[in-house]
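> Please read through the structure below; I'll follow up with questions.
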Amino acid sequence: MAITRAEPGKTRVGWIGTGVMGRWMCGHLRAKGYAATVYNRTKEKAQPLLAEGATWAETPKAVAERSDVVFAIVGFPKDVREVFLGPQGALAGSRPGMVLVDMTTSEPSLAREIYEAAKAKGVASIDAPVSGGDVGAKNAALSIMVGGDLEAFEAVKPLLECMGKTVVHQGPAGAGQHTKMVNQILIATNMIGVCEALLYGFKAGLDLKTVLQSVGAGGAASWSLNNLGPRIIDRNFEPGFFVEHFIKDMGVALDEAKRMGLSLPGLALANQLYLAVQAQGWGCKGTHALMLALEQLSHVQQ
């Protein structure tokens with residue numbers, strides 16, 4: 001399969017999913033000189049990109065028909081399946097030599113299924129989930145973990161480098177999704193530590209912003225502490241990444257762990273705590289809204 005390496009002014013980009021992160025990621029490609037055709041279930045959310053010169057398409061299939069490389073970052077595996085493999089999905093509008101890039105955090109098995117279906121049509125497919133949230137998306141500082149054929153990865157690497165600072169090929173189809181599960185497992189228990197520590201500091205009467213100056217520069221430092229800690233302190237629980245999407249990710253990781261015969265009790269605990277966050281009505285808040293559920297457990301009001 002001959003795949004042409006992406007070049008500004010030549011390669012036409014298709015983008016499916018213009019939400020909290022996708023809007024910024026596609027915007028970086030446009031800023032680097034790539035023409036873009038976009039689709040989103042709610043057209044209103046694509047307006048910032050359309051105002052910048054992107055072209056609207058009515059279906060993912062129509063996006064693919066006008067593109068050389070098609071990206072998608074949507075919500076859940078069922079959405080991934082629909083936008084790539086559905087009757088009006090991107091694969092239905094693809095031609096030999098094109099590349100499909102799924103940047104959603106999804107199931108490794110689905111990544112492999114898309115890869116095989118695309119390969120049968122002479123189309124390349126890679127899974128390229130990201131880490132870094134809305135901040136990373138806005139600042140083109142995402143970590144992008146890629147699974148799929150090396151040739152396809154090298155062809156779209158210039159595009160990925162417009163969106164991320166760390167772009168690593170992890171292995172065959174599904175390897176990107178497996179690597180993202182490693183990432184989510186790390187974050188899950190870390191967020192418990194961040195929220196419990198700040199809750200303890202509040203109850204002890206400390207100035208939490210001053211506390212962050214010390215602990216955020218020491219051995220306990222983490223991305224979640226230094227980026228989401230200030231939001232927790234300011235009582236800003238708007239999403240950089242949705243609780244409901246994080247629950248989806250943890251479910252995928254737990255299913256994969258069960259398949260591999262692994263016991264991951266820390267991840268299971270985090271999953272249960274986040275289910276409580278969702279049950280209390282905060283599923284559309286950011287992952288740091290875990291603090292709200294922990295406050296309720298101890299009857300703490302901030």
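Following the order of the structure tokens, chains are lettered A, B, ..., residues in each are numbered from 1, and ligands are numbered from 1.
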Please produce, as a Markdown table, a per-residue contact table for region 164-270 of chain A versus region 10-21 of chain A (criterion: any atom at most 10 Å away, only C-alpha atoms considered), showing the nearest atom pair and its distance in Å to one decimal, sorted by chain then residue number.


```
| residue | atom | partner | partner_atom | distance |
| --- | --- | --- | --- | --- |
| A:Pro239 | CA | A:Val20 | CA | 8.1 |
| A:Gly240 | CA | A:Val20 | CA | 7.1 |
| A:Phe241 | CA | A:Val20 | CA | 8.0 |
| A:Phe242 | CA | A:Val20 | CA | 9.5 |
```

> Take the residues just selected and output them with N, CA and C atoms as an mmCIF file, in the first residue's frame.


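That gives us selection-v8.cif:
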```
data_model
loop_
_atom_site.group_PDB
_atom_site.id
_atom_site.type_symbol
_atom_site.label_atom_id
_atom_site.label_comp_id
_atom_site.auth_asym_id
_atom_site.auth_seq_id
_atom_site.Cartn_x
_atom_site.Cartn_y
_atom_site.Cartn_z
ATOM 1 N N PRO A 239 -14.869 20.391 32.838
ATOM 2 C CA PRO A 239 -14.062 19.280 32.318
ATOM 3 C C PRO A 239 -12.908 19.673 31.411
ATOM 4 N N GLY A 240 -11.751 19.098 31.711
ATOM 5 C CA GLY A 240 -10.692 18.982 30.726
ATOM 6 C C GLY A 240 -10.825 17.597 30.133
ATOM 7 N N PHE A 241 -11.364 16.692 30.956
ATOM 8 C CA PHE A 241 -11.684 15.333 30.546
ATOM 9 C C PHE A 241 -12.857 14.878 31.400
ATOM 10 N N PHE A 242 -13.922 14.384 30.780
ATOM 11 C CA PHE A 242 -15.167 14.078 31.473
ATOM 12 C C PHE A 242 -15.050 12.859 32.393
#
```

> Set the distance at 10 Å and use only C-alpha atoms: which residues neighbour region 79-90 of chain A once local chain neighbours fewer than 5 positions away are removed? I'd like the list as an mmCIF file with C-alpha atoms, in the first residue's frame.


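Final file, selection.cif:
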```cif
data_model
loop_
_atom_site.group_PDB
_atom_site.id
_atom_site.type_symbol
_atom_site.label_atom_id
_atom_site.label_comp_id
_atom_site.auth_asym_id
_atom_site.auth_seq_id
_atom_site.Cartn_x
_atom_site.Cartn_y
_atom_site.Cartn_z
ATOM 1 C CA GLY A 14 -10.686 15.269 7.655
ATOM 2 C CA ILE A 16 -14.564 14.006 13.123
ATOM 3 C CA GLY A 17 -15.356 15.230 16.648
ATOM 4 C CA TYR A 39 -17.986 16.768 11.032
ATOM 5 C CA GLU A 58 -22.796 16.129 6.655
ATOM 6 C CA THR A 59 -21.423 12.650 7.480
ATOM 7 C CA PRO A 60 -18.105 10.959 8.354
ATOM 8 C CA LYS A 61 -18.325 9.279 4.929
ATOM 9 C CA ALA A 62 -18.463 12.693 3.260
ATOM 10 C CA VAL A 63 -15.466 13.796 5.333
ATOM 11 C CA ALA A 64 -13.427 10.856 4.016
ATOM 12 C CA GLU A 65 -14.473 11.473 0.413
ATOM 13 C CA SER A 67 -9.727 13.963 2.591
ATOM 14 C CA VAL A 70 -9.161 11.297 8.494
ATOM 15 C CA PHE A 71 -8.904 11.859 12.247
ATOM 16 C CA ALA A 72 -11.586 11.158 14.839
ATOM 17 C CA ILE A 73 -11.801 11.888 18.545
ATOM 18 C CA VAL A 74 -15.245 11.015 19.867
ATOM 19 C CA LEU A 100 -7.664 6.647 9.208
ATOM 20 C CA VAL A 101 -6.520 7.847 12.633
ATOM 21 C CA ASP A 102 -8.602 7.186 15.752
ATOM 22 C CA MET A 103 -7.499 9.467 18.589
ATOM 23 C CA THR A 104 -10.328 8.417 20.908
ATOM 24 C CA THR A 105 -9.449 6.350 23.950
ATOM 25 C CA SER A 106 -11.146 3.110 22.988
ATOM 26 C CA GLU A 107 -10.866 -0.679 23.038
ATOM 27 C CA LEU A 110 -11.851 -2.386 18.213
ATOM 28 C CA ALA A 111 -8.622 -0.765 17.010
ATOM 29 C CA GLU A 113 -11.016 -4.604 13.974
ATOM 30 C CA ILE A 114 -10.853 -1.205 12.259
ATOM 31 C CA ALA A 117 -11.449 -3.760 7.857
ATOM 32 C CA ALA A 118 -9.417 -0.855 6.488
#
```

> Distance CA of Met291 (chain A)-CA of Met25 (chain A), one decimal place?

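Taking CA of Met291 (chain A) and CA of Met25 (chain A), their separation equals 28.7 Å.
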
> Between A:Ser143, A:Ser125, A:Thr37, A:Thr42, which is the closest to Ala54 (chain A) once you count only C-alpha atoms?

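Distance minimum relative to Ala54 (chain A) lands on A:Thr37.
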
> Please list as a PyMOL selection string every residue within 10 Å of Leu160 (chain A), counting only C-alpha atoms and excluding residues in the same chain fewer than 6 positions away.

chain A and resi 25+28-29+101+128+140+142-144+146+153-154+166-168

> How many Å separate CA of Pro77 (chain A) from CA of Lys248 (chain A)?

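Pair CA of Pro77 (chain A) / CA of Lys248 (chain A) returns 8.9 Å.
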
> Enumerate as a PyMOL selection string all residues of region 63-231 of chain A assigned to helix (DSSP H, G or I) by DSSP on the backbone, naming them with the chain letters and numbers the document uses.

chain A and resi 63-65+77-85+90-93+108-119+133-138+150-160+175-203+208-215+223-231

> Check the smallest atom-to-atom distance from each of A:Gly93, A:Gly75, A:Lys285, A:Gly133 to Asp249 (chain A) using only C-alpha atoms, then report the winner.

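Result for the nearest residue to Asp249 (chain A): A:Gly75.
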
> Could you state the separation of CA of Gly27 (chain A) and CA of Leu49 (chain A) in Å, given to one decimal place?

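Pair CA of Gly27 (chain A) / CA of Leu49 (chain A) returns 6.6 Å.
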
> Counting only C-alpha atoms, figure out which residue out of A:Ala276, A:Val300, A:Leu269, A:Ala57 gets nearest to Phe202 (chain A).

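Of A:Ala276, A:Val300, A:Leu269, A:Ala57, the one nearest Phe202 (chain A) is A:Val300, counting only C-alpha atoms.
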
> Find the residue from A:Glu116, A:Lys78, A:Gly164, A:Arg30 that sits nearest to Lys138 (chain A); use only C-alpha atoms when measuring.

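Among the listed residues, A:Gly164 lies closest to Lys138 (chain A).
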
> Go through A:Cys195, A:Met163, A:Val182, A:Cys26 and flag the residue nearest Ala257 (chain A), using only C-alpha atoms for the distances.

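Checking each of A:Cys195, A:Met163, A:Val182, A:Cys26 against Ala257 (chain A), counting only C-alpha atoms, the winner is A:Val182.
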
> Can you pull out the residues contacting Pro8 (chain A)? Cut-off 7 Å, using only C-alpha atoms, and skip same-chain residues under 3 positions away; I want them as a PyMOL selection string.

chain A and resi 11+32-34

> Dump N, CA and C atoms for the selected residues as a compact mmCIF listing (two decimals), in the first residue's frame?


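File out.txt, as written:
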```txt
# COMPACT_ATOMS: atom_id res chain seq x y z
N THR A 11 -1.72 17.86 1.66
CA THR A 11 -2.53 16.83 2.32
C THR A 11 -3.83 17.44 2.83
N LYS A 32 -1.15 25.18 10.66
CA LYS A 32 0.08 24.73 10.01
C LYS A 32 -0.07 24.58 8.50
N GLY A 33 -1.24 24.98 7.97
CA GLY A 33 -1.41 24.98 6.53
C GLY A 33 -2.14 23.81 5.93
N TYR A 34 -2.82 23.03 6.75
CA TYR A 34 -3.59 21.88 6.24
C TYR A 34 -5.07 22.25 6.10
```

> Find the residues around Gln184 (chain A) up to 12 Å (only C-alpha atoms counted), leave out those fewer than 3 positions away in its own chain, and share them as a PyMOL selection string.

chain A and resi 105-106+129-133+177-181+187-191+224+241+245-254+266-267+270-271+287

> Restricting it to N, CA and C atoms, dump the selection as an mmCIF file, in the first residue's frame.


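The resulting file, out_25.cif, is reproduced below:
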```
data_model
loop_
_atom_site.group_PDB
_atom_site.id
_atom_site.type_symbol
_atom_site.label_atom_id
_atom_site.label_comp_id
_atom_site.auth_asym_id
_atom_site.auth_seq_id
_atom_site.Cartn_x
_atom_site.Cartn_y
_atom_site.Cartn_z
ATOM 1 N N THR A 105 -9.850 7.461 23.089
ATOM 2 C CA THR A 105 -9.449 6.350 23.950
ATOM 3 C C THR A 105 -10.526 5.287 23.843
ATOM 4 N N SER A 106 -10.150 4.125 23.312
ATOM 5 C CA SER A 106 -11.146 3.110 22.988
ATOM 6 C C SER A 106 -10.584 1.720 23.284
ATOM 7 N N PRO A 129 -4.474 7.304 20.604
ATOM 8 C CA PRO A 129 -5.062 8.030 21.727
ATOM 9 C C PRO A 129 -4.062 9.007 22.330
ATOM 10 N N VAL A 130 -4.585 9.978 23.061
ATOM 11 C CA VAL A 130 -3.747 11.064 23.568
ATOM 12 C C VAL A 130 -3.910 11.232 25.072
ATOM 13 N N SER A 131 -2.925 11.874 25.672
ATOM 14 C CA SER A 131 -2.996 12.263 27.080
ATOM 15 C C SER A 131 -2.562 13.708 27.195
ATOM 16 N N GLY A 132 -3.215 14.431 28.099
ATOM 17 C CA GLY A 132 -2.875 15.837 28.304
ATOM 18 C C GLY A 132 -4.085 16.724 28.484
ATOM 19 N N GLY A 133 -5.276 16.175 28.214
ATOM 20 C CA GLY A 133 -6.511 16.921 28.462
ATOM 21 C C GLY A 133 -6.651 18.174 27.628
ATOM 22 N N GLN A 177 -3.774 1.905 22.075
ATOM 23 C CA GLN A 177 -4.848 1.838 23.074
ATOM 24 C C GLN A 177 -4.376 1.148 24.351
ATOM 25 N N HIS A 178 -3.583 0.100 24.218
ATOM 26 C CA HIS A 178 -3.056 -0.554 25.415
ATOM 27 C C HIS A 178 -2.172 0.416 26.212
ATOM 28 N N THR A 179 -1.368 1.208 25.515
ATOM 29 C CA THR A 179 -0.510 2.182 26.200
ATOM 30 C C THR A 179 -1.352 3.233 26.906
ATOM 31 N N LYS A 180 -2.461 3.636 26.285
ATOM 32 C CA LYS A 180 -3.343 4.608 26.935
ATOM 33 C C LYS A 180 -3.985 4.009 28.176
ATOM 34 N N MET A 181 -4.246 2.705 28.184
ATOM 35 C CA MET A 181 -4.765 2.078 29.393
ATOM 36 C C MET A 181 -3.737 2.160 30.528
ATOM 37 N N ILE A 187 -3.216 7.423 36.202
ATOM 38 C CA ILE A 187 -3.975 8.610 36.611
ATOM 39 C C ILE A 187 -5.026 8.269 37.665
ATOM 40 N N ALA A 188 -5.670 7.104 37.520
ATOM 41 C CA ALA A 188 -6.809 6.760 38.374
ATOM 42 C C ALA A 188 -6.458 6.814 39.856
ATOM 43 N N THR A 189 -5.411 6.108 40.249
ATOM 44 C CA THR A 189 -5.059 6.096 41.671
ATOM 45 C C THR A 189 -4.347 7.378 42.079
ATOM 46 N N ASN A 190 -3.658 8.020 41.141
ATOM 47 C CA ASN A 190 -3.032 9.303 41.445
ATOM 48 C C ASN A 190 -4.074 10.357 41.807
ATOM 49 N N MET A 191 -5.223 10.337 41.109
ATOM 50 C CA MET A 191 -6.272 11.318 41.402
ATOM 51 C C MET A 191 -6.856 11.100 42.786
ATOM 52 N N SER A 224 -1.325 15.739 37.453
ATOM 53 C CA SER A 224 -2.663 15.958 38.016
ATOM 54 C C SER A 224 -2.620 16.943 39.175
ATOM 55 N N PHE A 241 -11.364 16.692 30.956
ATOM 56 C CA PHE A 241 -11.684 15.333 30.546
ATOM 57 C C PHE A 241 -12.857 14.878 31.400
ATOM 58 N N HIS A 245 -16.318 9.749 30.672
ATOM 59 C CA HIS A 245 -15.359 9.159 29.739
ATOM 60 C C HIS A 245 -14.254 8.413 30.491
ATOM 61 N N PHE A 246 -13.880 8.934 31.653
ATOM 62 C CA PHE A 246 -12.858 8.267 32.462
ATOM 63 C C PHE A 246 -13.381 6.929 32.984
ATOM 64 N N ILE A 247 -14.651 6.893 33.369
ATOM 65 C CA ILE A 247 -15.269 5.635 33.804
ATOM 66 C C ILE A 247 -15.240 4.619 32.663
ATOM 67 N N LYS A 248 -15.521 5.091 31.445
ATOM 68 C CA LYS A 248 -15.429 4.224 30.267
ATOM 69 C C LYS A 248 -14.020 3.649 30.134
ATOM 70 N N ASP A 249 -13.018 4.507 30.281
ATOM 71 C CA ASP A 249 -11.625 4.065 30.134
ATOM 72 C C ASP A 249 -11.256 3.029 31.191
ATOM 73 N N MET A 250 -11.648 3.289 32.435
ATOM 74 C CA MET A 250 -11.335 2.343 33.505
ATOM 75 C C MET A 250 -12.031 1.008 33.268
ATOM 76 N N GLY A 251 -13.244 1.059 32.720
ATOM 77 C CA GLY A 251 -13.951 -0.177 32.393
ATOM 78 C C GLY A 251 -13.212 -0.985 31.341
ATOM 79 N N VAL A 252 -12.690 -0.298 30.325
ATOM 80 C CA VAL A 252 -11.906 -0.985 29.285
ATOM 81 C C VAL A 252 -10.667 -1.631 29.911
ATOM 82 N N ALA A 253 -9.969 -0.865 30.768
ATOM 83 C CA ALA A 253 -8.747 -1.381 31.397
ATOM 84 C C ALA A 253 -9.051 -2.585 32.298
ATOM 85 N N LEU A 254 -10.147 -2.509 33.045
ATOM 86 C CA LEU A 254 -10.514 -3.631 33.915
ATOM 87 C C LEU A 254 -10.890 -4.867 33.106
ATOM 88 N N GLY A 266 -6.241 -1.375 42.956
ATOM 89 C CA GLY A 266 -6.242 0.086 42.994
ATOM 90 C C GLY A 266 -7.145 0.669 41.923
ATOM 91 N N LEU A 267 -7.067 0.125 40.731
ATOM 92 C CA LEU A 267 -7.923 0.581 39.637
ATOM 93 C C LEU A 267 -9.383 0.295 39.941
ATOM 94 N N ALA A 270 -10.637 2.914 42.359
ATOM 95 C CA ALA A 270 -10.855 4.192 41.677
ATOM 96 C C ALA A 270 -12.127 4.155 40.850
ATOM 97 N N ASN A 271 -12.359 3.048 40.177
ATOM 98 C CA ASN A 271 -13.567 2.910 39.367
ATOM 99 C C ASN A 271 -14.822 3.040 40.219
ATOM 100 N N THR A 287 -12.420 15.111 35.714
ATOM 101 C CA THR A 287 -12.020 13.992 36.566
ATOM 102 C C THR A 287 -11.679 14.426 37.985
#
```

> Give me, as a PDB file with all heavy atoms, in the first residue's frame, all polymer residues having an atom no more than 10 Å from Lys203 (chain A), counting only C-alpha atoms and skipping those fewer than 3 positions away in the same chain.


```pdb
ATOM      1  N   ALA A 197      -5.290  14.190  49.582  1.00  0.00           N
ATOM      2  CA  ALA A 197      -4.268  15.048  50.182  1.00  0.00           C
ATOM      3  C   ALA A 197      -4.776  16.470  50.352  1.00  0.00           C
ATOM      4  O   ALA A 197      -4.580  17.097  51.410  1.00  0.00           O
ATOM      5  CB  ALA A 197      -3.008  15.034  49.313  1.00  0.00           C
ATOM      6  N   LEU A 198      -5.445  17.011  49.324  1.00  0.00           N
ATOM      7  CA  LEU A 198      -5.965  18.377  49.424  1.00  0.00           C
ATOM      8  C   LEU A 198      -7.112  18.450  50.424  1.00  0.00           C
ATOM      9  O   LEU A 198      -7.270  19.468  51.127  1.00  0.00           O
ATOM     10  CB  LEU A 198      -6.412  18.866  48.049  1.00  0.00           C
ATOM     11  CG  LEU A 198      -5.285  19.060  47.022  1.00  0.00           C
ATOM     12  CD1 LEU A 198      -5.855  19.525  45.692  1.00  0.00           C
ATOM     13  CD2 LEU A 198      -4.253  20.071  47.534  1.00  0.00           C
ATOM     14  N   LEU A 199      -7.904  17.386  50.526  1.00  0.00           N
ATOM     15  CA  LEU A 199      -8.977  17.343  51.523  1.00  0.00           C
ATOM     16  C   LEU A 199      -8.390  17.360  52.932  1.00  0.00           C
ATOM     17  O   LEU A 199      -8.872  18.086  53.813  1.00  0.00           O
ATOM     18  CB  LEU A 199      -9.822  16.087  51.300  1.00  0.00           C
ATOM     19  CG  LEU A 199     -11.099  15.951  52.126  1.00  0.00           C
ATOM     20  CD1 LEU A 199     -12.054  17.113  51.840  1.00  0.00           C
ATOM     21  CD2 LEU A 199     -11.792  14.620  51.814  1.00  0.00           C
ATOM     22  N   TYR A 200      -7.333  16.594  53.138  1.00  0.00           N
ATOM     23  CA  TYR A 200      -6.630  16.580  54.435  1.00  0.00           C
ATOM     24  C   TYR A 200      -6.075  17.974  54.745  1.00  0.00           C
ATOM     25  O   TYR A 200      -6.227  18.483  55.869  1.00  0.00           O
ATOM     26  CB  TYR A 200      -5.498  15.558  54.385  1.00  0.00           C
ATOM     27  CG  TYR A 200      -4.647  15.532  55.640  1.00  0.00           C
ATOM     28  CD1 TYR A 200      -4.914  14.626  56.658  1.00  0.00           C
ATOM     29  CD2 TYR A 200      -3.581  16.405  55.797  1.00  0.00           C
ATOM     30  CE1 TYR A 200      -4.134  14.601  57.814  1.00  0.00           C
ATOM     31  CE2 TYR A 200      -2.799  16.399  56.945  1.00  0.00           C
ATOM     32  CZ  TYR A 200      -3.077  15.493  57.947  1.00  0.00           C
ATOM     33  OH  TYR A 200      -2.310  15.476  59.090  1.00  0.00           O
ATOM     34  N   LEU A 206      -4.873  24.417  56.487  1.00  0.00           N
ATOM     35  CA  LEU A 206      -3.757  24.963  55.720  1.00  0.00           C
ATOM     36  C   LEU A 206      -4.247  25.821  54.551  1.00  0.00           C
ATOM     37  O   LEU A 206      -5.367  25.645  54.062  1.00  0.00           O
ATOM     38  CB  LEU A 206      -2.895  23.829  55.177  1.00  0.00           C
ATOM     39  CG  LEU A 206      -2.253  22.899  56.213  1.00  0.00           C
ATOM     40  CD1 LEU A 206      -1.542  21.749  55.503  1.00  0.00           C
ATOM     41  CD2 LEU A 206      -1.281  23.680  57.096  1.00  0.00           C
ATOM     42  N   VAL A 300     -17.681  17.086  54.504  1.00  0.00           N
ATOM     43  CA  VAL A 300     -16.860  18.310  54.484  1.00  0.00           C
ATOM     44  C   VAL A 300     -17.454  19.269  53.475  1.00  0.00           C
ATOM     45  O   VAL A 300     -17.760  18.897  52.353  1.00  0.00           O
ATOM     46  CB  VAL A 300     -15.402  17.983  54.120  1.00  0.00           C
ATOM     47  CG1 VAL A 300     -14.604  19.276  53.916  1.00  0.00           C
ATOM     48  CG2 VAL A 300     -14.759  17.131  55.191  1.00  0.00           C
ATOM     49  N   GLN A 301     -17.619  20.514  53.886  1.00  0.00           N
ATOM     50  CA  GLN A 301     -18.088  21.556  52.979  1.00  0.00           C
ATOM     51  C   GLN A 301     -17.002  22.592  52.790  1.00  0.00           C
ATOM     52  O   GLN A 301     -16.452  23.105  53.764  1.00  0.00           O
ATOM     53  CB  GLN A 301     -19.356  22.232  53.525  1.00  0.00           C
ATOM     54  CG  GLN A 301     -20.574  21.318  53.536  1.00  0.00           C
ATOM     55  CD  GLN A 301     -21.836  22.045  53.940  1.00  0.00           C
ATOM     56  OE1 GLN A 301     -21.776  23.114  54.549  1.00  0.00           O
ATOM     57  NE2 GLN A 301     -22.991  21.489  53.597  1.00  0.00           N
ATOM     58  N   GLN A 302     -16.692  22.883  51.508  1.00  0.00           N
ATOM     59  CA  GLN A 302     -15.679  23.905  51.222  1.00  0.00           C
ATOM     60  C   GLN A 302     -16.337  25.103  50.572  1.00  0.00           C
ATOM     61  O   GLN A 302     -17.331  24.998  49.905  1.00  0.00           O
ATOM     62  CB  GLN A 302     -14.600  23.326  50.313  1.00  0.00           C
ATOM     63  CG  GLN A 302     -13.770  22.222  50.971  1.00  0.00           C
ATOM     64  CD  GLN A 302     -12.477  21.980  50.236  1.00  0.00           C
ATOM     65  OE1 GLN A 302     -11.763  22.893  49.837  1.00  0.00           O
ATOM     66  NE2 GLN A 302     -12.134  20.705  50.044  1.00  0.00           N
TER      67      GLN A 302
END
```

> Would you kindly return, as number ranges by chain, each protein, DNA or RNA residue with an atom no farther than 8 Å from any atom of region 227-235 of chain A, considering only C-alpha atoms and excluding same-chain residues fewer than 5 positions away?

A: 194, 198, 208-209, 212, 288-289, 291

> Write out, as a compact mmCIF listing (two decimals), in the first residue's frame, the residues just selected, with N, CA, C and O atoms.


```txt
# COMPACT_ATOMS: atom_id res chain seq x y z
N VAL A 194 -4.33 12.84 45.02
CA VAL A 194 -4.42 14.30 44.91
C VAL A 194 -5.60 14.82 45.72
O VAL A 194 -5.47 15.76 46.52
N LEU A 198 -5.44 17.01 49.32
CA LEU A 198 -5.97 18.38 49.42
C LEU A 198 -7.11 18.45 50.42
O LEU A 198 -7.27 19.47 51.13
N LEU A 208 -4.15 26.05 50.96
CA LEU A 208 -3.84 25.02 49.98
C LEU A 208 -2.97 25.53 48.83
O LEU A 208 -2.16 24.78 48.27
N LYS A 209 -3.09 26.80 48.49
CA LYS A 209 -2.23 27.33 47.44
C LYS A 209 -0.77 27.37 47.90
O LYS A 209 0.15 27.11 47.11
N LEU A 212 0.57 23.79 47.82
CA LEU A 212 0.94 23.36 46.48
C LEU A 212 2.34 23.84 46.08
O LEU A 212 3.05 23.16 45.35
N HIS A 288 -11.27 15.68 38.16
CA HIS A 288 -10.94 16.17 39.50
C HIS A 288 -12.18 16.39 40.36
O HIS A 288 -12.06 16.68 41.55
N ALA A 289 -13.38 16.20 39.78
CA ALA A 289 -14.61 16.26 40.56
C ALA A 289 -14.71 15.10 41.53
O ALA A 289 -15.64 15.04 42.34
N MET A 291 -13.11 14.99 44.02
CA MET A 291 -13.09 15.69 45.30
C MET A 291 -14.49 15.86 45.86
O MET A 291 -14.72 15.74 47.08
```
